[in-house]
Each structure stands twice: as structure tokens, then as C-alpha cells.
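**Q** The following file, start_22.csv, comprises CSV, C-alpha atoms:
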```
chain,number,residue,atom,x,y,z
A,1,ARG,CA,-4.7,-21.0,7.7
A,2,ARG,CA,-6.3,-19.4,4.6
A,3,GLY,CA,-4.5,-20.3,1.4
A,4,ALA,CA,-2.9,-17.4,-0.5
A,5,GLY,CA,-4.6,-18.5,-3.8
A,6,GLY,CA,-7.9,-17.8,-2.2
A,7,VAL,CA,-7.6,-14.0,-2.4
A,8,GLY,CA,-6.0,-13.2,-5.0
A,9,GLY,CA,9.8,-8.6,6.8
A,10,ALA,CA,10.8,-8.6,9.7
A,11,ARG,CA,12.1,-5.1,10.3
A,12,GLY,CA,15.4,-4.2,11.8
A,13,ARG,CA,15.3,-3.1,15.4
A,14,ALA,CA,17.4,-0.5,17.1
A,15,THR,CA,19.3,-1.5,20.2
A,16,PRO,CA,19.2,-0.6,23.0
A,17,ARG,CA,15.5,-0.1,23.2
A,18,PRO,CA,14.6,3.3,24.8
A,19,VAL,CA,12.8,3.4,28.1
A,20,VAL,CA,9.1,3.4,27.1
A,21,MET,CA,6.3,4.8,29.2
A,22,GLN,CA,3.0,3.2,28.1
A,23,GLN,CA,0.1,5.6,27.7
A,24,THR,CA,-3.1,3.8,28.4
A,25,ALA,CA,-5.6,6.5,27.4
A,26,GLU,CA,-5.4,5.8,23.7
A,27,VAL,CA,-4.8,2.1,24.0
A,28,ALA,CA,-8.1,1.4,25.6
A,29,THR,CA,-10.5,-0.4,23.3
A,30,LYS,CA,-12.8,2.0,21.5
A,31,GLU,CA,-16.0,1.4,19.7
A,32,GLU,CA,-15.8,2.1,16.0
A,33,SER,CA,-17.1,5.6,15.3
A,34,ARG,CA,-17.4,4.8,11.7
A,35,PRO,CA,-17.9,1.0,11.1
A,36,VAL,CA,-15.9,-0.4,8.2
A,37,PHE,CA,-17.1,-3.1,5.8
A,38,PRO,CA,-15.3,-6.4,6.7
A,39,PHE,CA,-12.5,-7.4,4.3
A,40,SER,CA,-13.5,-11.0,4.3
A,41,ALA,CA,-17.1,-10.1,3.3
A,42,ILE,CA,-16.0,-8.5,0.0
A,43,VAL,CA,-17.1,-10.6,-2.9
A,44,GLY,CA,-14.9,-11.0,-6.0
A,45,GLN,CA,-12.1,-8.5,-7.0
A,46,ALA,CA,-9.5,-11.1,-6.1
A,47,GLU,CA,-6.8,-9.3,-8.2
A,48,MET,CA,-7.2,-6.0,-6.3
A,49,LYS,CA,-7.3,-7.7,-2.9
A,50,LEU,CA,-4.2,-9.8,-3.7
A,51,ALA,CA,-2.2,-6.7,-4.9
A,52,LEU,CA,-3.1,-4.8,-1.7
A,53,ILE,CA,-2.2,-7.7,0.6
A,54,LEU,CA,1.2,-8.2,-1.0
A,55,ASN,CA,2.0,-4.5,-0.7
A,56,VAL,CA,1.1,-4.7,3.0
A,57,ILE,CA,3.4,-7.7,3.5
A,58,ASP,CA,6.3,-6.0,1.6
A,59,PRO,CA,5.7,-2.2,1.2
A,60,LYS,CA,8.9,-2.0,-1.0
A,61,ILE,CA,6.9,-3.5,-3.8
A,62,GLY,CA,5.9,0.1,-4.6
A,63,GLY,CA,2.2,0.6,-4.3
A,64,VAL,CA,-0.8,-0.3,-6.4
A,65,MET,CA,-2.6,1.4,-9.3
A,66,ILE,CA,-6.2,0.2,-9.5
A,67,LEU,CA,-8.0,1.0,-12.8
A,68,GLY,CA,-11.6,-0.1,-13.4
A,69,ASP,CA,-15.3,0.7,-13.5
A,70,ARG,CA,-17.0,3.1,-11.2
A,71,GLY,CA,-18.8,1.6,-8.2
A,72,THR,CA,-16.7,-1.6,-7.9
A,73,GLY,CA,-15.7,-1.2,-4.3
A,74,LYS,CA,-12.2,0.2,-4.7
A,75,THR,CA,-12.3,2.6,-1.7
A,76,THR,CA,-14.3,0.1,0.4
A,77,THR,CA,-11.7,-2.6,-0.1
A,78,ILE,CA,-8.8,-0.3,0.9
A,79,ARG,CA,-10.6,0.9,4.1
A,80,ALA,CA,-11.4,-2.8,4.9
A,81,LEU,CA,-7.8,-3.8,4.6
A,82,VAL,CA,-6.6,-1.0,6.8
A,83,ASP,CA,-9.2,-2.0,9.4
A,84,LEU,CA,-7.7,-5.5,9.3
A,85,LEU,CA,-4.2,-4.5,10.2
A,86,PRO,CA,-2.9,-4.5,13.8
A,87,GLU,CA,-2.2,-1.3,15.6
A,88,ILE,CA,1.3,0.1,15.5
A,89,GLU,CA,3.5,1.6,18.3
A,90,CYS,CA,4.0,5.3,17.9
A,91,VAL,CA,5.8,8.0,19.9
A,92,ALA,CA,2.9,10.0,21.3
A,93,ASP,CA,4.2,13.5,21.0
A,94,ASP,CA,5.6,13.1,17.5
A,95,SER,CA,3.8,14.4,14.4
A,96,TYR,CA,5.1,11.7,12.0
A,97,ASN,CA,3.9,8.4,13.6
A,98,SER,CA,7.5,7.6,14.5
A,99,SER,CA,8.3,4.2,15.9
A,100,PRO,CA,9.9,4.1,19.4
A,101,THR,CA,12.1,1.2,18.4
A,102,GLU,CA,12.8,1.0,14.7
A,103,VAL,CA,15.5,3.5,13.7
A,104,GLU,CA,14.4,3.6,10.0
A,105,ASN,CA,11.0,4.7,11.0
A,106,MET,CA,12.0,7.5,13.4
A,107,SER,CA,11.9,11.2,12.6
A,108,ASP,CA,15.2,13.2,13.1
A,109,GLU,CA,13.7,14.7,16.3
A,110,VAL,CA,13.0,11.3,17.9
A,111,ARG,CA,16.5,10.1,16.9
A,112,ILE,CA,18.1,13.0,18.8
A,113,ARG,CA,15.9,12.3,21.9
A,114,MET,CA,16.6,8.6,21.7
A,115,GLY,CA,18.4,7.3,24.9
A,116,LYS,CA,18.2,10.7,26.5
A,117,GLU,CA,14.6,10.6,27.7
A,118,GLU,CA,11.5,8.4,28.0
A,119,PHE,CA,9.2,8.1,25.0
A,120,PRO,CA,5.5,8.3,25.8
A,121,VAL,CA,4.1,5.5,23.5
A,122,VAL,CA,0.6,5.0,22.2
A,123,MET,CA,-0.9,2.3,20.0
A,124,ARG,CA,-2.5,3.7,16.9
A,125,LYS,CA,-4.4,2.3,13.9
A,126,VAL,CA,-2.4,2.1,10.7
A,127,PRO,CA,-3.2,5.5,9.2
A,128,MET,CA,-5.1,5.8,5.9
A,129,ILE,CA,-5.0,9.2,4.3
A,130,ASP,CA,-7.3,10.3,1.5
A,131,LEU,CA,-5.7,12.8,-0.9
A,132,PRO,CA,-8.3,15.0,-2.4
A,133,LEU,CA,-8.0,16.1,-6.0
A,134,GLY,CA,-7.9,19.7,-5.1
A,135,ALA,CA,-4.9,19.4,-2.7
A,136,THR,CA,-2.1,21.9,-3.1
A,137,GLU,CA,1.6,21.0,-2.9
A,138,ASP,CA,1.8,22.9,0.4
A,139,ARG,CA,-0.9,20.8,1.9
A,140,VAL,CA,0.7,17.6,0.7
A,141,CYS,CA,4.3,18.2,1.6
A,142,GLY,CA,3.8,20.6,4.5
A,143,THR,CA,4.5,24.3,4.9
A,144,ILE,CA,5.4,27.0,7.4
A,145,ASP,CA,3.2,27.2,10.5
A,146,ILE,CA,1.6,30.7,10.0
A,147,GLU,CA,0.1,30.7,13.5
A,148,LYS,CA,3.4,30.3,15.3
A,149,ALA,CA,5.1,32.7,13.0
A,150,LEU,CA,2.5,35.4,13.9
A,151,THR,CA,2.0,34.7,17.6
A,152,GLN,CA,5.6,33.6,18.6
A,153,GLY,CA,7.7,35.0,15.9
A,154,LYS,CA,9.2,31.6,15.2
A,155,LYS,CA,9.8,29.6,12.0
A,156,ALA,CA,8.0,26.3,12.5
A,157,PHE,CA,7.0,23.5,10.2
A,158,GLU,CA,3.4,22.4,9.8
A,159,PRO,CA,3.4,18.8,8.6
A,160,GLY,CA,1.4,17.9,5.5
A,161,LEU,CA,-0.5,14.8,4.4
A,162,LEU,CA,2.8,12.9,3.6
A,163,ALA,CA,3.7,13.2,7.3
A,164,LYS,CA,0.3,11.9,8.4
A,165,ALA,CA,0.6,8.9,6.0
A,166,ASN,CA,3.9,7.7,7.4
A,167,ARG,CA,3.8,4.0,8.2
A,168,GLY,CA,0.3,3.8,6.6
A,169,ILE,CA,-1.5,4.0,3.3
A,170,LEU,CA,-2.0,7.1,1.1
A,171,TYR,CA,-5.0,6.7,-1.1
A,172,VAL,CA,-5.5,8.9,-4.2
A,173,ASP,CA,-8.9,8.4,-5.9
A,174,GLU,CA,-9.0,9.5,-9.6
A,175,VAL,CA,-5.2,9.7,-9.6
A,176,ASN,CA,-5.3,10.0,-13.4
A,177,LEU,CA,-6.9,13.5,-12.9
A,178,LEU,CA,-4.3,14.6,-10.3
A,179,ASP,CA,-1.7,17.2,-11.5
A,180,ASP,CA,1.4,15.4,-12.8
A,181,HIS,CA,3.8,17.3,-10.5
A,182,LEU,CA,1.9,16.2,-7.4
A,183,VAL,CA,1.9,12.6,-8.6
A,184,ASP,CA,5.7,13.0,-9.0
A,185,VAL,CA,6.0,14.2,-5.4
A,186,LEU,CA,4.0,11.3,-4.1
A,187,LEU,CA,6.0,8.7,-6.0
A,188,ASP,CA,9.3,10.2,-5.0
A,189,SER,CA,8.4,10.1,-1.3
A,190,ALA,CA,6.9,6.6,-1.6
A,191,ALA,CA,10.1,5.3,-3.3
A,192,GLY,CA,12.6,7.1,-1.0
A,193,GLY,CA,10.7,6.9,2.3
A,194,TRP,CA,11.5,10.6,3.1
A,195,ASN,CA,10.0,13.9,2.3
A,196,THR,CA,12.3,17.0,2.2
A,197,VAL,CA,10.8,20.5,2.4
A,198,GLU,CA,12.8,23.6,1.5
A,199,ARG,CA,10.8,26.8,1.7
A,200,GLU,CA,10.4,30.2,3.5
A,201,GLY,CA,13.8,29.7,5.2
A,202,ILE,CA,12.9,26.3,6.6
A,203,SER,CA,14.8,23.1,5.7
A,204,ILE,CA,13.3,19.9,7.1
A,205,ARG,CA,13.3,16.2,6.4
A,206,HIS,CA,10.9,13.7,7.8
A,207,PRO,CA,10.0,10.0,7.2
A,208,ALA,CA,7.2,9.4,4.7
A,209,LYS,CA,7.1,5.6,4.3
A,210,PHE,CA,3.7,4.7,3.0
A,211,ILE,CA,2.0,2.4,0.5
A,212,LEU,CA,0.7,4.5,-2.3
A,213,VAL,CA,-2.6,3.3,-3.7
A,214,GLY,CA,-4.1,5.1,-6.7
A,215,SER,CA,-7.4,4.4,-8.4
A,216,GLY,CA,-9.2,5.7,-11.4
A,217,ASN,CA,-11.4,5.1,-14.4
A,218,PRO,CA,-9.5,4.8,-17.7
A,219,GLU,CA,-12.4,6.4,-19.5
A,220,GLU,CA,-11.6,9.7,-17.8
A,221,GLY,CA,-8.0,9.8,-18.9
A,222,GLU,CA,-4.8,7.8,-18.5
A,223,LEU,CA,-1.6,8.3,-16.5
A,224,ARG,CA,1.6,9.1,-18.4
A,225,PRO,CA,3.6,5.9,-18.9
A,226,GLN,CA,6.6,7.4,-16.9
A,227,LEU,CA,4.3,7.7,-13.9
A,228,LEU,CA,2.4,4.5,-14.4
A,229,ASP,CA,5.7,2.6,-14.5
A,230,ARG,CA,6.6,3.8,-11.0
A,231,PHE,CA,3.6,2.0,-9.4
A,232,GLY,CA,4.7,-1.4,-8.3
A,233,MET,CA,1.5,-3.2,-9.3
A,234,HIS,CA,-1.4,-2.6,-11.6
A,235,ALA,CA,-4.8,-4.2,-10.9
A,236,MET,CA,-7.6,-4.1,-13.4
A,237,ILE,CA,-11.1,-4.5,-11.9
A,238,ARG,CA,-14.3,-5.0,-13.8
A,239,THR,CA,-18.0,-5.1,-12.8
A,240,GLU,CA,-19.3,-8.5,-11.9
A,241,ARG,CA,-21.4,-10.0,-14.7
A,242,ASP,CA,-22.6,-13.1,-12.8
A,243,PRO,CA,-26.2,-12.3,-11.5
A,244,GLU,CA,-25.8,-14.6,-8.5
A,245,LEU,CA,-22.7,-12.8,-7.3
A,246,ARG,CA,-24.3,-9.4,-7.9
A,247,VAL,CA,-27.2,-10.4,-5.7
A,248,GLN,CA,-24.8,-11.6,-3.0
A,249,ILE,CA,-23.0,-8.2,-3.1
A,250,VAL,CA,-26.3,-6.3,-2.9
A,251,GLU,CA,-27.4,-8.4,0.1
A,252,SER,CA,-24.1,-7.9,1.9
A,253,CYS,CA,-24.3,-4.1,1.4
A,254,GLN,CA,-27.9,-4.1,2.6
A,255,GLY,CA,-27.0,-6.2,5.7
A,256,PHE,CA,-24.1,-3.9,6.5
A,257,ALA,CA,-26.2,-0.7,6.1
A,258,ASP,CA,-29.0,-2.1,8.3
A,259,ASP,CA,-26.9,-3.3,11.2
A,260,PRO,CA,-23.1,-2.7,10.8
A,261,GLN,CA,-22.1,-4.2,14.2
A,262,SER,CA,-23.9,-7.4,13.8
A,263,PHE,CA,-22.7,-7.8,10.2
A,264,ARG,CA,-19.1,-7.2,11.3
A,265,ALA,CA,-19.5,-9.8,14.1
A,266,GLN,CA,-20.4,-12.4,11.5
A,267,PHE,CA,-17.0,-12.0,9.8
A,268,ALA,CA,-14.9,-11.3,12.9
A,269,GLY,CA,-13.4,-14.8,12.8
A,270,ASP,CA,-12.4,-14.7,9.1
A,271,ASN,CA,-11.0,-11.2,9.5
A,272,ALA,CA,-8.9,-12.3,12.5
A,273,GLU,CA,-7.6,-15.2,10.4
A,274,PHE,CA,-6.6,-12.9,7.6
A,275,ALA,CA,-4.9,-10.5,9.9
A,276,GLN,CA,-2.9,-13.3,11.6
A,277,GLN,CA,-1.8,-14.6,8.2
A,278,ILE,CA,-0.6,-11.2,7.1
A,279,VAL,CA,1.4,-10.7,10.3
A,280,VAL,CA,3.0,-14.2,10.0
A,281,ALA,CA,3.9,-13.4,6.4
A,282,GLN,CA,5.5,-10.1,7.3
A,283,GLN,CA,7.6,-11.8,10.0
A,284,GLY,CA,8.6,-14.7,7.7
A,285,LEU,CA,9.4,-12.6,4.5
A,286,SER,CA,13.1,-12.3,5.3
A,287,LYS,CA,13.4,-16.1,5.3
A,288,VAL,CA,11.9,-16.6,1.8
A,289,THR,CA,14.4,-17.4,-1.0
A,290,THR,CA,14.1,-17.4,-4.8
A,291,PRO,CA,16.1,-20.0,-6.8
A,292,PRO,CA,18.6,-18.5,-9.3
A,293,ASP,CA,16.8,-20.2,-12.2
A,294,LEU,CA,13.5,-18.5,-11.3
A,295,ARG,CA,15.3,-15.1,-11.2
A,296,ARG,CA,16.7,-15.7,-14.7
A,297,LYS,CA,13.3,-16.7,-16.0
A,298,ILE,CA,11.7,-13.6,-14.6
A,299,SER,CA,14.3,-11.4,-16.2
A,300,GLN,CA,13.9,-13.3,-19.5
A,301,ILE,CA,10.1,-12.5,-19.4
A,302,CYS,CA,10.8,-8.8,-18.9
A,303,SER,CA,13.4,-8.9,-21.7
A,304,GLU,CA,11.1,-10.6,-24.2
A,305,LEU,CA,8.3,-8.1,-23.4
A,306,ASN,CA,10.7,-5.2,-24.0
A,307,VAL,CA,10.1,-3.8,-20.6
A,308,ASP,CA,12.1,-0.6,-20.1
A,309,GLY,CA,14.4,-0.4,-17.1
A,310,LEU,CA,14.7,-3.0,-14.3
A,311,ARG,CA,11.7,-2.0,-12.1
A,312,GLY,CA,9.7,-4.9,-13.6
A,313,ASP,CA,12.4,-7.5,-12.7
A,314,ILE,CA,12.7,-6.1,-9.1
A,315,VAL,CA,9.0,-5.8,-8.4
A,316,THR,CA,8.2,-9.3,-9.8
A,317,ASN,CA,10.8,-10.9,-7.6
A,318,ARG,CA,9.6,-9.0,-4.5
A,319,ALA,CA,5.9,-9.8,-5.2
A,320,ALA,CA,6.6,-13.5,-5.7
A,321,ARG,CA,8.5,-13.6,-2.4
A,322,ALA,CA,5.6,-11.9,-0.6
A,323,PHE,CA,3.1,-14.3,-2.1
A,324,CYS,CA,5.2,-17.2,-1.0
A,325,ALA,CA,5.3,-15.8,2.5
A,326,PHE,CA,1.6,-15.3,2.5
A,327,ASP,CA,1.1,-18.9,1.6
A,328,GLY,CA,3.3,-20.0,4.5
A,329,ARG,CA,6.3,-21.3,2.5
A,330,THR,CA,10.0,-20.3,2.3
A,331,GLU,CA,11.0,-21.0,-1.3
A,332,VAL,CA,9.4,-19.3,-4.3
A,333,THR,CA,8.0,-21.6,-7.0
A,334,ASP,CA,6.8,-21.2,-10.6
A,335,GLU,CA,3.2,-20.8,-9.4
A,336,ASP,CA,4.1,-17.9,-7.2
A,337,VAL,CA,5.6,-16.1,-10.2
A,338,LYS,CA,2.5,-16.9,-12.3
A,339,LYS,CA,0.2,-15.4,-9.6
A,340,VAL,CA,1.9,-12.0,-9.6
A,341,VAL,CA,3.6,-11.6,-13.0
A,342,THR,CA,0.6,-10.0,-14.7
A,343,LEU,CA,0.0,-7.5,-11.8
A,344,CYS,CA,3.7,-6.5,-12.0
A,345,LEU,CA,4.3,-6.1,-15.7
A,346,ARG,CA,1.0,-5.4,-17.6
A,347,HIS,CA,1.4,-1.6,-17.2
A,348,ARG,CA,5.1,-1.6,-18.2
A,349,LEU,CA,4.5,-2.7,-21.8
A,350,ARG,CA,4.9,-0.3,-24.6
A,351,LYS,CA,1.6,0.7,-26.2
A,352,ASP,CA,0.9,-0.3,-29.8
A,353,VAL,CA,-2.3,1.3,-31.2
A,354,LEU,CA,-2.6,-1.5,-33.7
A,355,ASP,CA,-2.3,-4.3,-31.1
A,356,THR,CA,-5.7,-5.7,-30.1
A,357,MET,CA,-4.4,-8.1,-27.5
A,358,ASP,CA,-4.8,-7.2,-23.8
A,359,ASN,CA,-1.5,-6.6,-22.0
A,360,GLY,CA,-2.4,-9.1,-19.3
A,361,ASP,CA,-2.8,-11.8,-21.9
A,362,LYS,CA,0.4,-10.8,-23.6
A,363,VAL,CA,2.3,-11.2,-20.2
A,364,MET,CA,0.8,-14.6,-19.5
A,365,GLY,CA,1.6,-15.8,-23.1
A,366,THR,CA,5.3,-14.8,-22.5
A,367,TYR,CA,5.3,-16.5,-19.1
A,368,ASP,CA,4.0,-19.8,-20.6
A,369,LYS,CA,6.6,-19.6,-23.4
A,370,VAL,CA,9.5,-19.0,-21.0
A,371,PHE,CA,8.5,-21.5,-18.2
A,372,ASP,CA,7.4,-24.2,-20.6
A,373,ALA,CA,10.6,-24.1,-22.6
```
Could you take the file, read its structure, and then write that structure out as C-alpha cells?
**A**
Amino acid sequence: RRGAGGVGGARGRATPRPVVMQQTAEVATKEESRPVFPFSAIVGQAEMKLALILNVIDPKIGGVMILGDRGTGKTTTIRALVDLLPEIECVADDSYNSSPTEVENMSDEVRIRMGKEEFPVVMRKVPMIDLPLGATEDRVCGTIDIEKALTQGKKAFEPGLLAKANRGILYVDEVNLLDDHLVDVLLDSAAGGWNTVEREGISIRHPAKFILVGSGNPEEGELRPQLLDRFGMHAMIRTERDPELRVQIVESCQGFADDPQSFRAQFAGDNAEFAQQIVVAQQGLSKVTTPPDLRRKISQICSELNVDGLRGDIVTNRAARAFCAFDGRTEVTDEDVKKVVTLCLRHRLRKDVLDTMDNGDKVMGTYDKVFDA
């Protein structure tokens, strides 16, 4: 088993299980139409990889905001992580990737049909949806289906990107350049797990449970503090300065470009190990406990840093449990908190233009003060 330090829940089931008819057409093994760079071959960027993995283990952490230099592998890493994840069971004729067995992941339509008819089920890759900067609110949330309205005279809903991202990852590159009202919509859906659309005489609600991942370059503008605070974790990535590592990265990129299939085959074993460790952590998350003394210390850190609200306390507790599960243990320790506290709190600190200390250093200084007391 790979140690959690090296990189950086069981869900409720509905009973009785509906009669499921397995569709084999989409389950058959398919050759990758677009090969993805292997996750285990990515050099460096441990902070970003850890934040993404912890969100996959516990999506309730609330997503990741990744800020850093251009060309540091942000999109490549996210695609590689999605490629690592196992396929999920979906109702074949449902537009929202509804689960055939988990009530909290069913659309209202599937819930109504539940127990009355057989669900045709397919296995699908975990969806990863790219949100383009020019996307409109209609395209993101969904809108009236004009084709059906004109040809059949019916009011019908055409699902948007939030519906496609259900049970997957929604990735927004250059999120700091996206309109604030769209970022609000994304964060509301990610936090609540549902998207409600009221327009043109249509009222519809559908599941929209996804991990929101935003990335951007701070030189091109910053996110408002109110929006930044709603991302669960904040990873800072920087360009590698070690010449040896830079050469290793260049050689890996060249090897993948020359022969993607052979390159992927070299890392198939490591990728399978990572995938298994993530699945085991998801299943064992509900068994992880946090001692009361650790909870008090986490809240003391947030209090001494003057963090507004309680999101910092909640996210740090969740992230520490996810890290503990990823490492194969059932009780959170001081080291688990230390691994995640900077990722969870650095973006929640109030800005002081006269302060030259990095927010990450400030968080770690407060951690040392509280835990060494």
C-alpha cells in the first residue's frame, strides 16, 4: 500500500435494490480514444495532488482552488486523477448520471420510477466537465428545450453542464476571470448538491453533486474573499526549480507524446495501487474518528488566526479524517492535521497589505504554537 505522505465514505444504500438489467454495450472494455497522462507519472506538485485525492475520498470537503504559475500541469493532473477512478453505475436513460441504488444520488424522475420498473444500467467513467470562460448561465444551469417546444409544442428541460457533472468533477480553468454570479451558482450547487431551475414556465430540480476544482494565475486577478472562502481547500503550485526534476518532467512528457500506450503501460501497476487505495479510503472513511482534544485544537487554530465563520473548522476536520483514511488508519493524529491545515486555512485569513509573511507560514506557525503548548 502507498503511504498517504507520499503524495501529498461509505455511502448510504437504498433498500430494496431495484431490479437492474445490465447493459453490456457500454460496459465492454474500450480503447482510450484520447490517452491520459498517468497520475503516478506526474512529478512534484504534491500539494495539488493531495488536495485532489482528499476531495475524491470525501467530496463534502468542498472542492479545491489551485493557484499557481502557467504550465505547471494543473489540467493534466486533474484529468489523470479522473482516469484513475473506477467506473460508476448509472441509470442508462437518465440525463443526470443517477445511481440505480443510492437514493441521495437519484434524480426525481428515477425516484418516481424506483420499484415500478427495471432500470437499464450502464457503467460510465466518472465525468469530468470543463467549464469554458464564455459559458452563459443557461448553458451552465440548463434551459428550455427549444427543439421540443417548436416540434412537439411541449415545455421540456434541456440539462446544462451542472447536470452532466453530477457525481463527477467540474473543472473551471481561470476561475478568477469567470463572472462572479456564475461562480456563485457553481458554489451553491456544489455545496447543496442540487440545482434548481425556474424559467420560461419550467420548474425543475436535479442532483448536481460534483467536486468543484478551480484554477488560475494570481497575476491575472484574484477571486473575491467571499468566493475564495467557499472553496474547501486552496493549493499553491510553483514551477519546479530543481534542474534534475525539470529534466525528468520533460523526458516524461516526451515519452508520453511519442508512444502514449507504452508509457501508460509502464505506470499501470502504480496507477492500480493508487486507485485501490482511494477506494479503500472511501469505504473506510465512516469508521475514522477524531479525538475531542484534536477538535478543540483545530478550533483554537482557527480562532487565533481570526478565521471568519466555521467553514475552516469543519473543512479541516473533514480533511484530516480523509487523510487518515487514505493512510489506512481509523483515528486522526496530530500529523494528519498538520498535513492538511495549511491547505484548509491559508485562503481564509484576512489580508493585511503591510504583512510580508506568507499565509501558509502563518498557519503553520499557529499550528506549532497550539500543538506544542
**Q** Give me, as a Markdown table, each residue of region 288-340 of chain A that comes within 9 Å of region 232-236 of chain A, together with its shortest interatomic pair and the distance in Å at one decimal, counting all atoms listed in the file, with rows ordered by chain and rising residue number.
**A**
```
| residue | atom | partner | partner_atom | distance |
| --- | --- | --- | --- | --- |
| A:Arg311 | CA | A:Gly232 | CA | 8.0 |
| A:Gly312 | CA | A:Gly232 | CA | 8.1 |
| A:Val315 | CA | A:Gly232 | CA | 6.2 |
| A:Thr316 | CA | A:Gly232 | CA | 8.8 |
| A:Ala319 | CA | A:Met233 | CA | 8.9 |
| A:Val340 | CA | A:Met233 | CA | 8.8 |
```
**Q** Could you pull the residues within 12 Å of Lys339 (chain A), counting all atoms listed in the file, minus those fewer than 6 positions along the same chain, as an NGL selection string?
**A** :A and (4-8 or 46-47 or 50-51 or 54 or 316-317 or 319-324 or 327 or 332-333 or 345 or 360 or 363-364 or 367)
**Q** Quick one, how far is CA of His181 (chain A) from CA of Arg70 (chain A)?
**A** 25.2 Å
**Q** Identify which of the residues A:Glu158, A:Asp308, A:Asp229, A:Asp242 lies closest to Asp138 (chain A), counting all atoms listed in the file when measuring atom-to-atom distances.
**A**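 With all atoms listed in the file as the atom set, the closest residue is A:Glu158.
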**Q** For CA of Lys209 (chain A) and CA of Arg167 (chain A), determine how far apart the two atoms are, in Å to one decimal place.
**A** 5.4 Å
**Q** With distances taken over all atoms listed in the file, which of A:Phe274, A:Tyr96, A:Phe119, A:Tyr171 is nearest to Lys74 (chain A)?
**A**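 Of the candidates, the smallest distance to Lys74 (chain A) is held by A:Tyr171.
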